[in-house]
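Only one structure is covered here, and it is reproduced in the block below.
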Amino acid sequence: MGKSARRYAAEALMRIDNGGYSNIVTSNMFKNCDLDPADKMFAGAMVYGVIERLITLDKIISAYSKVKKLSPEVKAILRCALYQIMYMDSVPNSAAVNEAVKLTNEMKVKSAGGFVNAVLRNFLKKGVLEELTRNESFKYSCSEDVIKIIKESIGNDKADMFLETSFGKPPIFIRVNGLKTSCEELKTLLLANNAEKVSEVAGVKNCMIYEGRDITENSLFKKGFYYVQDLSSQLCVKALELTEGVRLLDVCAAPGGKSFTAAQEMNNKGEILSCDIHKNRLQLIEEGKNRLGIDIVKVTENNGAQYNEGLGLFDRVLCDVPCSGTGVIRRKPEIKYKSEKEIAALYDIQFQILKTSAKYLKAGGILVYSTCSVNKKENEDVVLRFLKDNDEFELVRFSVVDSEEENNGMRTILPEDYNSDGFFIAKLMRKK
């Protein structure tokens, strides 16, 4: 008899706890397990659900456990069982408890069976303790450091709304490859290929919301008719004001989505140099551009923080820097558990990449600085620090969508705006 869905989930969580990336660990779990499709969905929902609610679950375990240091197996079993009890209505409480106790035997920690049973039954009897409900870190399952950063950046009211949206499944935005098809044609083809629903995004060219499964597994994706790209990333490229024939440098390009969107905006005419410091990630750009039928993207290994005179000058520069990712916590919940120290280590790196990227821009050219973060210290503060030392640059007013008023040259997008990822865009021009 093979492993149960709960055991696969618990073991995956142990690997993630040991430093594995959730998307890679879960993908490998799905590839290597012998579960049927329904059990795969159950195991996957448990893994992502536990990660999304990790602080909440761990605070409950600490409140109901007298054992200070739990083994990795027992911790994973308790997290899974509590998640089922609290958030999975389809699982009876008795089943969650009984299966957790059974799992202690399967995972060779049988002696902890009584302890697991006692913790879970005590929780069922008493529920969430009142002192926990008053704790914001418990409520949002988010580190106090990240909550503090978000509140300081966007204000208390918006922060509460932002953290509320960190739970649940975000929409899947796709970019229609205008070099191969149209929104109307692709919509018809996707619906014929078992998509549940496909809807166009008003005011944004070639952008649609996809509802359904197998988004990257169907033949239309493999033929290069579309790719997955959040709306915010598409709006970032829009700010570059691209036309046919321009020369664009994408400084930190992998996995390539913004370069691909730029190529379409340029009607596949001109030149895009897509760079990344990680050589192994350049293959993702190569594979993507070939699948999409894009000719103008050239890929090269390059460190964005170090000036490379050999690259030459460009009409446009896209400087999408490595960041904390606070804007995408509903897609990558591990980000909610970062420390302020860990995030602060990025600020000087981001500034250095922006400062270096600016050297590649021609007079009259446009540079877009962006992050998938809502942290002001990674965003406005970096841009203003750069402008203070570089008076040949100025902010350029722009609107992220056609129907919106122009901003002052910097814009933080929040999920409440378009139900897209949190994102920051700054648009700069070299005056001379």
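Following the order of the structure tokens, first chain is A, next is B, and so on, with residues numbered from 1 inside each chain and ligands from 1 in the order they appear.
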Which parts of stretch 14-189 of chain A does DSSP call helix (DSSP H, G or I) when run on the backbone here, written out as a CSV table (one decimal) with C-alpha atoms, in the first residue's frame?
chain,number,residue,atom,x,y,z
A,14,MET,CA,9.2,18.9,6.3
A,15,ARG,CA,11.3,19.5,3.2
A,16,ILE,CA,10.0,23.1,2.9
A,17,ASP,CA,10.8,23.6,6.6
A,22,SER,CA,7.3,25.3,-1.8
A,23,ASN,CA,6.6,25.4,-5.6
A,24,ILE,CA,9.5,23.1,-6.4
A,25,VAL,CA,8.8,20.7,-3.5
A,26,THR,CA,5.1,20.5,-4.3
A,27,SER,CA,5.8,20.0,-8.0
A,28,ASN,CA,8.2,17.2,-7.3
A,29,MET,CA,5.7,15.7,-4.9
A,30,PHE,CA,3.0,15.6,-7.7
A,31,LYS,CA,5.5,14.1,-10.2
A,32,ASN,CA,6.7,11.3,-7.9
A,37,PRO,CA,-6.1,13.3,-9.1
A,38,ALA,CA,-8.5,14.0,-6.2
A,39,ASP,CA,-5.9,13.0,-3.5
A,40,LYS,CA,-3.2,15.1,-5.3
A,41,MET,CA,-5.5,18.1,-5.1
A,42,PHE,CA,-6.1,17.4,-1.4
A,43,ALA,CA,-2.4,17.0,-0.6
A,44,GLY,CA,-1.5,20.2,-2.6
A,45,ALA,CA,-4.3,22.2,-0.8
A,46,MET,CA,-2.9,21.1,2.5
A,47,VAL,CA,0.7,22.0,1.7
A,48,TYR,CA,-0.1,25.5,0.4
A,49,GLY,CA,-2.7,26.0,3.1
A,50,VAL,CA,-0.4,25.2,5.9
A,51,ILE,CA,2.3,27.5,4.5
A,52,GLU,CA,-0.3,30.3,4.1
A,54,LEU,CA,1.9,28.8,9.3
A,55,ILE,CA,2.2,31.4,12.1
A,56,THR,CA,-1.5,30.9,13.0
A,57,LEU,CA,-1.1,27.2,13.2
A,58,ASP,CA,2.2,27.3,15.1
A,59,LYS,CA,0.8,29.7,17.7
A,60,ILE,CA,-2.1,27.3,18.4
A,61,ILE,CA,0.3,24.4,18.7
A,62,SER,CA,2.5,26.3,21.2
A,63,ALA,CA,-0.6,27.3,23.2
A,64,TYR,CA,-1.8,23.7,23.5
A,72,PRO,CA,9.9,17.7,12.4
A,73,GLU,CA,7.4,14.8,11.9
A,74,VAL,CA,5.1,15.6,14.8
A,75,LYS,CA,5.2,19.3,13.9
A,76,ALA,CA,4.2,18.6,10.3
A,77,ILE,CA,1.4,16.2,11.4
A,78,LEU,CA,-0.1,18.7,13.9
A,79,ARG,CA,0.1,21.5,11.3
A,80,CYS,CA,-1.7,19.4,8.7
A,81,ALA,CA,-4.4,18.2,11.2
A,82,LEU,CA,-5.1,21.7,12.6
A,83,TYR,CA,-5.3,23.1,9.0
A,84,GLN,CA,-7.9,20.5,8.2
A,85,ILE,CA,-9.9,21.2,11.3
A,86,MET,CA,-9.8,25.0,10.9
A,87,TYR,CA,-10.0,25.5,7.2
A,93,ASN,CA,-12.9,16.8,12.7
A,94,SER,CA,-12.9,13.2,13.9
A,95,ALA,CA,-11.2,12.1,10.7
A,96,ALA,CA,-8.6,14.8,10.9
A,97,VAL,CA,-7.7,13.7,14.5
A,98,ASN,CA,-7.8,9.9,13.8
A,99,GLU,CA,-5.7,10.2,10.6
A,100,ALA,CA,-3.1,12.4,12.4
A,101,VAL,CA,-2.7,9.7,15.1
A,102,LYS,CA,-2.5,7.0,12.4
A,103,LEU,CA,0.2,9.1,10.7
A,104,THR,CA,2.4,9.1,13.7
A,105,ASN,CA,2.7,5.3,13.2
A,106,GLU,CA,3.3,5.6,9.5
A,110,LYS,CA,4.3,6.2,17.1
A,111,SER,CA,5.2,7.2,20.7
A,112,ALA,CA,3.8,10.7,19.9
A,113,GLY,CA,0.4,9.4,19.0
A,114,GLY,CA,-1.1,10.1,22.5
A,115,PHE,CA,0.4,13.6,22.5
A,116,VAL,CA,-1.0,14.4,19.0
A,117,ASN,CA,-4.4,13.1,20.0
A,118,ALA,CA,-4.4,15.2,23.2
A,119,VAL,CA,-3.4,18.4,21.6
A,120,LEU,CA,-6.0,18.1,18.8
A,121,ARG,CA,-8.9,17.1,21.1
A,122,ASN,CA,-8.0,19.8,23.6
A,123,PHE,CA,-8.1,22.3,20.7
A,124,LEU,CA,-11.5,21.0,19.6
A,125,LYS,CA,-12.8,21.4,23.1
A,126,LYS,CA,-11.5,24.9,23.8
A,130,GLU,CA,-8.9,34.7,23.2
A,131,GLU,CA,-5.4,36.2,23.7
A,132,LEU,CA,-4.4,34.8,20.3
A,133,THR,CA,-7.2,36.6,18.5
A,136,GLU,CA,-2.1,40.6,14.4
A,137,SER,CA,0.7,38.2,13.6
A,138,PHE,CA,-1.7,35.4,14.5
A,139,LYS,CA,-4.6,36.9,12.5
A,140,TYR,CA,-2.7,37.4,9.3
A,144,GLU,CA,5.6,41.2,12.9
A,145,ASP,CA,8.4,42.7,10.9
A,146,VAL,CA,6.6,42.3,7.6
A,147,ILE,CA,3.3,43.7,9.1
A,148,LYS,CA,5.3,46.7,10.4
A,149,ILE,CA,6.9,47.3,7.0
A,150,ILE,CA,3.6,47.2,5.1
A,151,LYS,CA,1.9,49.5,7.6
A,152,GLU,CA,4.7,52.0,7.4
A,153,SER,CA,4.6,51.9,3.6
A,154,ILE,CA,0.9,52.0,2.7
A,156,ASN,CA,-2.8,51.0,8.6
A,157,ASP,CA,-6.2,50.8,6.7
A,158,LYS,CA,-4.7,49.8,3.4
A,159,ALA,CA,-2.4,47.4,5.2
A,160,ASP,CA,-5.3,45.6,6.9
A,161,MET,CA,-7.0,45.2,3.5
A,162,PHE,CA,-3.8,44.1,1.9
A,163,LEU,CA,-3.1,41.5,4.5
A,164,GLU,CA,-6.7,40.2,4.3
A,183,CYS,CA,-7.8,37.7,-27.7
A,184,GLU,CA,-11.0,36.7,-29.5
A,185,GLU,CA,-9.5,33.7,-31.2
A,186,LEU,CA,-7.6,32.5,-28.1
A,187,LYS,CA,-10.7,32.9,-26.0
A,188,THR,CA,-12.6,30.6,-28.3
A,189,LEU,CA,-9.8,28.1,-28.5
Go through stretch 233-422 of chain A and collect every residue that DSSP, computed from the backbone, puts in strand (DSSP E or B); the answer should be as a ChimeraX atom specification. /A:247-250,271-276,297-301,314-320,361-371,393-395,410-413
Generate a file of the selected residues that holds N, CA and C atoms, formatted as a compact mmCIF listing (two decimals), in the first residue's frame.
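Printed below is again_33.txt as written:
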# COMPACT_ATOMS: atom_id res chain seq x y z
N ARG A 247 15.74 50.06 -28.99
CA ARG A 247 16.69 49.12 -28.36
C ARG A 247 16.43 49.14 -26.87
N LEU A 248 16.08 47.97 -26.31
CA LEU A 248 15.69 47.84 -24.90
C LEU A 248 16.65 46.92 -24.16
N LEU A 249 17.05 47.36 -22.97
CA LEU A 249 17.83 46.51 -22.06
C LEU A 249 16.94 46.08 -20.91
N ASP A 250 16.76 44.77 -20.74
CA ASP A 250 16.05 44.21 -19.59
C ASP A 250 17.12 43.68 -18.64
N GLU A 271 15.37 45.60 -30.97
CA GLU A 271 16.32 44.73 -30.27
C GLU A 271 16.07 44.77 -28.77
N ILE A 272 16.00 43.61 -28.16
CA ILE A 272 15.88 43.48 -26.70
C ILE A 272 17.04 42.62 -26.21
N LEU A 273 17.81 43.18 -25.30
CA LEU A 273 18.89 42.41 -24.67
C LEU A 273 18.42 42.02 -23.27
N SER A 274 18.18 40.72 -23.07
CA SER A 274 17.66 40.21 -21.80
C SER A 274 18.80 39.60 -21.00
N CYS A 275 19.07 40.19 -19.84
CA CYS A 275 20.22 39.78 -19.03
C CYS A 275 19.77 39.18 -17.70
N ASP A 276 20.65 38.36 -17.14
CA ASP A 276 20.45 37.87 -15.78
C ASP A 276 21.78 37.40 -15.24
N VAL A 297 14.69 39.08 -29.15
CA VAL A 297 15.27 38.94 -27.81
C VAL A 297 16.60 38.20 -27.89
N LYS A 298 17.65 38.85 -27.41
CA LYS A 298 18.96 38.21 -27.29
C LYS A 298 19.25 38.03 -25.80
N VAL A 299 19.82 36.90 -25.42
CA VAL A 299 20.00 36.55 -24.02
C VAL A 299 21.48 36.53 -23.68
N THR A 300 21.83 37.16 -22.56
CA THR A 300 23.24 37.14 -22.15
C THR A 300 23.36 37.16 -20.63
N GLU A 301 24.40 36.53 -20.13
CA GLU A 301 24.68 36.54 -18.68
C GLU A 301 25.34 37.87 -18.32
N PHE A 314 21.10 52.34 -24.80
CA PHE A 314 19.76 51.87 -25.13
C PHE A 314 18.74 53.01 -25.08
N ASP A 315 17.68 52.86 -25.88
CA ASP A 315 16.56 53.81 -25.87
C ASP A 315 15.70 53.62 -24.63
N ARG A 316 15.62 52.38 -24.17
CA ARG A 316 14.79 52.04 -23.01
C ARG A 316 15.56 51.06 -22.12
N VAL A 317 15.39 51.23 -20.81
CA VAL A 317 15.99 50.30 -19.85
C VAL A 317 14.91 49.88 -18.85
N LEU A 318 14.77 48.58 -18.67
CA LEU A 318 13.87 48.04 -17.66
C LEU A 318 14.70 47.48 -16.52
N CYS A 319 14.53 48.08 -15.35
CA CYS A 319 15.32 47.73 -14.17
C CYS A 319 14.37 47.15 -13.12
N ASP A 320 14.02 45.87 -13.30
CA ASP A 320 13.12 45.17 -12.38
C ASP A 320 14.00 44.40 -11.40
N LEU A 361 21.48 54.25 -20.47
CA LEU A 361 20.37 54.96 -21.11
C LEU A 361 20.84 56.16 -21.93
N LYS A 362 20.34 56.26 -23.14
CA LYS A 362 20.62 57.41 -24.01
C LYS A 362 19.92 58.66 -23.49
N ALA A 363 20.38 59.82 -23.89
CA ALA A 363 19.69 61.07 -23.58
C ALA A 363 18.31 61.04 -24.23
N GLY A 364 17.29 61.42 -23.46
CA GLY A 364 15.91 61.36 -23.96
C GLY A 364 15.27 59.99 -23.80
N GLY A 365 16.05 59.02 -23.32
CA GLY A 365 15.54 57.67 -23.14
C GLY A 365 14.76 57.51 -21.85
N ILE A 366 14.02 56.40 -21.74
CA ILE A 366 13.16 56.13 -20.58
C ILE A 366 13.67 54.90 -19.84
N LEU A 367 13.76 55.03 -18.53
CA LEU A 367 14.10 53.92 -17.65
C LEU A 367 12.94 53.65 -16.70
N VAL A 368 12.53 52.41 -16.59
CA VAL A 368 11.51 52.01 -15.63
C VAL A 368 12.16 51.17 -14.54
N TYR A 369 12.01 51.63 -13.29
CA TYR A 369 12.48 50.90 -12.12
C TYR A 369 11.25 50.25 -11.48
N SER A 370 11.33 48.95 -11.19
CA SER A 370 10.14 48.27 -10.65
C SER A 370 10.53 47.19 -9.66
N THR A 371 9.58 46.88 -8.79
CA THR A 371 9.70 45.75 -7.85
C THR A 371 8.32 45.13 -7.68
N PHE A 393 18.51 63.14 -14.49
CA PHE A 393 17.30 62.32 -14.60
C PHE A 393 16.11 63.03 -13.94
N GLU A 394 14.91 62.75 -14.44
CA GLU A 394 13.70 63.29 -13.84
C GLU A 394 12.58 62.26 -13.92
N LEU A 395 11.64 62.35 -12.99
CA LEU A 395 10.46 61.49 -13.04
C LEU A 395 9.54 61.95 -14.16
N MET A 410 5.71 57.91 -10.00
CA MET A 410 5.87 56.70 -9.17
C MET A 410 4.49 56.20 -8.78
N ARG A 411 4.31 54.88 -8.86
CA ARG A 411 2.98 54.32 -8.57
C ARG A 411 3.13 52.97 -7.89
N THR A 412 2.50 52.83 -6.72
CA THR A 412 2.40 51.53 -6.05
C THR A 412 1.03 50.94 -6.35
N ILE A 413 1.02 49.77 -6.97
CA ILE A 413 -0.23 49.07 -7.29
C ILE A 413 -0.52 48.09 -6.16
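Restricting the calculation to only C-alpha atoms, the smallest distance between A:Ala263 and any of A:Glu340, A:Lys279, A:Asn177, A:Gln306 is found for A:Asn177.
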